[in-house]
Structure formats: C-alpha cells, structure tokens
Amino acid sequence: MTVDDSASGADASGGESPGGDAPGTGTSSTGTGGPSTGADSSAGGSGRRQTSDVHPTPHHEVDHTAEPTKDPLAIRLEQLILGADRRYTPFQAARSAGVSMDLASRFWRAMGFADIGQAKALTEADVLALRRLAGLVEAGLLSEPMAVQVARSTGQTTARLAEWQIDSFLEGLTEPPEPGMTRTEVTYPLVELLLPELEEFLVYVWRRQLAAATGRVVQAADDEEMVDRRLAVGFADLVGFTRLTRRLEEEELGELVEAFETTCADLVAAHGGRLIKTLGDEVLFAADDAGTAAEIAMRLIETLSHDETMPALRVGISFGTVTTRMGDVFGTTVNLASRLTSIAPKDAVLVDGAFAEELARTGDAPESEAEAAEAAAAAEKEGEEPPSYRFALQPMWQRPVRGLGVVEPWLLTRRPA
C-alpha cells in the first residue's frame with residue numbers, strides 16, 4: 001500500500017463532525033429541514049415576521065438533521081436493546097441531566113451520534129450517561145476535554161464492534177431457518193437471547209484489557225513515560241494488495257482480509273504484543289521490548305509465507321519514544337516503522353538502528369557475526385556453552401527515507417538452532 005507522512009494514527013478521528021446514528025435511534029438517515037433558528041422575511045423585505053420553534057437549538061445552528069427511524073421493527077429492536085422508550089428531545093435530555101446543550105452536543109458528537117435537531121428520540125439511559133460524564137467533570141476526576149476524549153474513544157471502539165457483530169455475526173445467524181419465514185421474524189427473538197450474554201462478555205473482556213493496560217502504566221519508570229513511552233512498533237503489510245483487489249471478487253477479497261487480520265491478531269497476542277489497529281492490507285502492532293517484537297515479526301513471516309492463499313508479506317519495526325493517545329500510537333518512531341515496511345523485501349523484516357541496538361543489549365542478537373564467532377570460540381576454549389542468540393542482524397545499505405533523512409536498515413532473520 002502507499003504510505004504517506006500521516007502513517008501514525010492514520011485512521012484516528014480528530015474532528016467533531018456529526019456522524020453515525022442518532023442517540024438511541026438505531027438506524028438513521030440524513031436530510032434537510034433542521035429546526036429553524038432565524039427570522040422569516042417575505043420578498044422585498046416587507047411583511048417580516050418572527051418564527052420560532054417550541055424547542056430551539058441554542059448550542060448551534062443546524063441545516064440538517066438525522067431523522068430517527070420510524071420502522072416498527074427497528075423501534076421494537078431499539079426498545080429491546082436500550083431497555084427504554086423514547087422520551088426526550090436533546091434539549092430536554094440535557095436539561096434533565098443538568099448540563100448545557102453545548103456540552104451535551106459535544107459528548108454526543110464525540111460518541112459518534114448524529115445531530116437529530118429536536119426529535120424526541122432519547123431515553124433515560126441517555127440522560128444518565130450525560131449526568132455521569134458531567135459528574136466526573138464536576139467532581140474534578142476528569143477535565144472537560146478528557147471527558148470528551150473518553151466519549152470519543154468509547155464511541156469509536158464500540159461502533160466498530162457493533163458494525164462487525166451485525167455484518168459478520170448477526171446477519172449470518174438471522175438467515176430464515178425455514179421457507180416462508182422472514183429475517184424480521186427471526187431477528188427479534190435472537191437478539192433477545194443474545195443481548196445479555198454479549199453484554200456480559202463485553203464487560204468481561206473490557207475489564208481484562210483494562211487490568212492489562214493499567215498494569216503496563218503503573219510499571220512505567222516515571223510519570224512522563226506513562227504517556228511518552230519507549231516501545232517497539234511494527235507494521236506488517238501485504239505486498240501487491242492493490243493489484244489483488246482488481247483480480248478477486250469482493251467476497252474473496254473480504255475473506256482474504258479477514259484471514260490476514262485474524263492470523264496477525266492471534267500471533268501478536270499469543271507472543272505478548274498488542275495489536276494497535278488493522279488497515280485492511282496492513283496491521284500495526286507494538287511490544288514493550290525488542291525481543292518480543294522480533295519474535296512476532298518472524299512468526300508473521302513464517303506463518304503467512306506458508307499460506308498459498310496469501311500474498312507476500314513485509315514487516316518494518318523501529319524502537320523508540322512513542323506517544324499514545326486513545327489506544328493509538330504516534331511519533332517519529334511510528335513513521336520510521338512505516339517507511340521501513342515500504343522498502344522491505346518480500347517476506348522479510350527490516351528494523352532500524354535503535355531496534356538493532358536494543359536486541360544486542362538484551363542478548364537476543366549479537367552486535368555482529370564476528371562478535372558471535374569470537375564469543376563462540378572463547379566459550380569453546382574454556383569448555384563452556386557458547387552464547388545463544390535468537391536472531392541475526394545484517395546491516396543494509398544506508399538510504400534516504402522521505403521525511404526522516406538517511407537511515408541504515410538492518411535485515412532481521414532467525415538464527416539457526
């Protein structure tokens with residue numbers, strides 16, 4: 001794939017533009033005809049008359065709204081999932097929660113919910129969520145910008161999860177089991193059965209992940225390292241994916257991408273790394289130490305190169321200070337890993353000098369093959385076991401890398417046992 005200077009955090013959303021579904025509305029469509037906020041005038045400026053809505057929108061003027069669905073089944077499913085009926089307009093919900101309309105709007109947009117004008121589409125749960133977030137700010141536990149970040153990160157993560165569950169999971173299970181039955185007749189009872197189980201499982205996985213992330217933070221050397229940490233960051237990229245998209249049918253392409261992402265996610269997790277995000281033909285992962293990242297990279301190459309259905313893979317890794325935000329990673333270290341990936345040979349791993357030094361420091365690789373030979377000879381002379389290294393490093397030609405100057409890549413390979 002083509003890599004540009006914005007590789008780090010490339011798909012993170014930074015704006016507050018409205019999108020997604022309206023709070024508590026299920027599906028929504030966007031159209032014109034938002035609430036009027038100004039004055040009406042006739043031609044020529046005469047006959048001017050003031051118009052106003054029963055519930056004005058003081059936080060901002062809108063010329064669009066996302067109309068809540070009126071489909072009976074969608075409303076029934078919404079009530080089942082949310083456990084409550086529609087009761088409030090956004091203005092009423094904000095007032096009931098004791099927050100300003102402006103802050104409520106910021107929270108809802110951050111969570112990915114579209115502007116809905118003053119449609120009555122919100123529930124008690126929406127009011128409670130607003131009250132909780134605002135309460136954290138009032139108690140001094142979170143600043144207002146941090147509370148918005150909490151809303152945004154939670155909204156983005158759960159939106160993707162919900163889309164996946166509907167597209168890949170629920171859709172398959174709701175195929176009518178008998179001729180004459182409609183998907184509509186199957187969906188409601190299935191959701192009714194699955195909802196409590198999926199909810200419990202989601203909370204379990206979240207708590208597990210929160211415990212792991214908290215453990216990593218408290219082990220940081222100092223407060224600064226909690227945010228700007230030294231990590232090994234790697235990209236794994238399928239070679240020739242763009243050409244492949246022109247040859248494969250959409251279903252075949254989807255299956256290939258899913259198999260690639262699943263394999264990478266499993267290998268990264270199994271060997272102690274963290275999958276930061278997937279980008280279709282590319283995955284971004286991180287590890288606390290160079291040895292773990294090197295093992296993940298080699299496993300990815302070894303596993304996928306034996307899969308005849310997969311294109312060739314290339315991996316680039318760098319080691320250094322990384323800024324973490326909302327589960328993503330940013331900084332020069334991430335950009336360098338991306339550039340190394342773009343110049344790596346097929347089915348090979350390129351690393352930067354800092355990563356090579358870290359592997360040598362921890363004893364996972366010799367500084368050079370000459371040093372390894374000398375150490376082996378000295379150990380043999382003393383009748384001792386020679387040093388055991390997991391990886392080998394071969395310096396490559398220095399080359400200029402766009403935006404980062406001249407770098408000296410190292411080819412990472414596994415040493416024979």
# chains A, B, ... in the order shown; residues from 1 in each chain; ligands from 1
$ residues_around --residues "Gly254 of chain A" --least-positions-apart "3" --cutoff "12 Å" --atoms "only C-alpha atoms" --output "list in words"
Asp167, Ser168, Leu244, Thr245, Leu248, Glu249, Glu250, Glu251, Val257, Glu258, Ala259, Phe260, Glu261, Gly280 and Asp281 of chain A
$ select_by_dssp --residues "segment 110-343 of chain A" --states "helix (DSSP H, G or I)" --output "PyMOL selection string"
chain A and resi 110+124-138+144-173+183-218+223-227+241-247+250-270+290-305+332-343
$ residues_around --residues "Pro395 of chain A" --least-positions-apart "3" --cutoff "8 Å" --atoms "only C-alpha atoms" --output "count of residues only"
4
$ select_by_dssp --residues "segment 267-403 of chain A" --states "strand (DSSP E or B)" --output "PyMOL selection string"
chain A and resi 274-278+282-287+313-325+328-330+348-351+391-395+399-401
$ residues_around --residues "Arg339 of chain A" --least-positions-apart "3" --cutoff "8 Å" --atoms "only C-alpha atoms" --output "PyMOL selection string"
chain A and resi 3+316+335-336+342-343+401-402
$ write_last_selection --atoms "all heavy atoms" --output "tab-separated table (two decimals), in the first residue's frame"
chain	number	residue	atom	x	y	z
A	3	VAL	N	2.32	4.57	1.40
A	3	VAL	CA	2.48	5.09	2.74
A	3	VAL	C	2.83	6.56	2.66
A	3	VAL	O	3.67	6.98	1.87
A	3	VAL	CB	3.61	4.34	3.48
A	3	VAL	CG1	3.76	4.86	4.88
A	3	VAL	CG2	3.32	2.84	3.50
A	316	GLY	N	8.23	-3.94	8.92
A	316	GLY	CA	9.20	-2.94	9.34
A	316	GLY	C	9.00	-2.63	10.81
A	316	GLY	O	7.85	-2.47	11.25
A	335	ASN	N	6.40	6.56	12.34
A	335	ASN	CA	6.63	6.91	10.94
A	335	ASN	C	7.80	6.12	10.35
A	335	ASN	O	7.75	5.66	9.20
A	335	ASN	CB	6.92	8.41	10.81
A	335	ASN	CG	5.69	9.26	11.07
A	335	ASN	OD1	4.57	8.81	10.89
A	335	ASN	ND2	5.91	10.49	11.52
A	336	LEU	N	8.85	5.95	11.15
A	336	LEU	CA	10.01	5.22	10.67
A	336	LEU	C	9.67	3.75	10.42
A	336	LEU	O	10.10	3.17	9.41
A	336	LEU	CB	11.16	5.33	11.69
A	336	LEU	CG	12.46	4.61	11.32
A	336	LEU	CD1	12.96	5.03	9.95
A	336	LEU	CD2	13.52	4.87	12.40
A	342	SER	N	7.74	-0.07	3.87
A	342	SER	CA	7.57	0.22	2.44
A	342	SER	C	8.79	-0.15	1.61
A	342	SER	O	8.68	-0.36	0.40
A	342	SER	CB	7.23	1.70	2.24
A	342	SER	OG	8.33	2.53	2.59
A	343	ILE	N	9.98	-0.24	2.23
A	343	ILE	CA	11.20	-0.58	1.48
A	343	ILE	C	11.70	-1.99	1.79
A	343	ILE	O	12.72	-2.42	1.23
A	343	ILE	CB	12.33	0.43	1.76
A	343	ILE	CG1	12.73	0.41	3.24
A	343	ILE	CG2	11.91	1.83	1.33
A	343	ILE	CD1	13.93	1.31	3.57
A	401	VAL	N	15.19	8.33	3.48
A	401	VAL	CA	13.79	7.99	3.67
A	401	VAL	C	13.00	9.28	3.77
A	401	VAL	O	13.35	10.17	4.55
A	401	VAL	CB	13.59	7.14	4.95
A	401	VAL	CG1	12.10	6.92	5.20
A	401	VAL	CG2	14.30	5.81	4.81
A	402	ARG	N	11.96	9.40	2.95
A	402	ARG	CA	11.21	10.63	2.85
A	402	ARG	C	10.76	11.13	4.21
A	402	ARG	O	10.07	10.43	4.95
A	402	ARG	CB	10.00	10.42	1.93
A	402	ARG	CG	9.14	11.66	1.70
A	402	ARG	CD	8.23	11.45	0.50
A	402	ARG	NE	7.45	10.25	0.62
A	402	ARG	CZ	6.23	10.20	1.18
A	402	ARG	NH1	5.70	11.30	1.67
A	402	ARG	NH2	5.57	9.08	1.24
$ residues_around --residues "Val99 of chain A" --least-positions-apart "2" --cutoff "10 Å" --atoms "only C-alpha atoms" --output "PyMOL selection string"
chain A and resi 91+93-97+101-104+127+130-131+133-135
$ closest_residue --among "A:Tyr188, A:Gln118, A:Pro416, A:Val150" --to "Pro72 of chain A" --atoms "only C-alpha atoms"
A:Tyr188
$ residues_around --residues "segment 301-304 of chain A" --least-positions-apart "6" --cutoff "8 Å" --atoms "only C-alpha atoms" --output "list in words"
Met310, Ala312, Leu313, Arg314, Asp347 and Ala348 of chain A
$ write_last_selection --atoms "C-alpha atoms" --output "short mmCIF file (atom, residue, chain, number, x, y, z; two decimals), in the first residue's frame"
data_model
loop_
_atom_site.label_atom_id
_atom_site.label_comp_id
_atom_site.auth_asym_id
_atom_site.auth_seq_id
_atom_site.Cartn_x
_atom_site.Cartn_y
_atom_site.Cartn_z
CA MET A 310 -1.74 -15.09 0.96
CA ALA A 312 3.96 -11.97 0.23
CA LEU A 313 4.40 -10.04 3.48
CA ARG A 314 6.89 -7.40 4.53
CA ASP A 347 8.82 -11.97 3.15
CA ALA A 348 11.48 -10.09 5.11
#
$ atom_distance --atom1 "atom CA of Ala286 of chain A" --atom2 "atom CA of Val233 of chain A"
4.4 Å
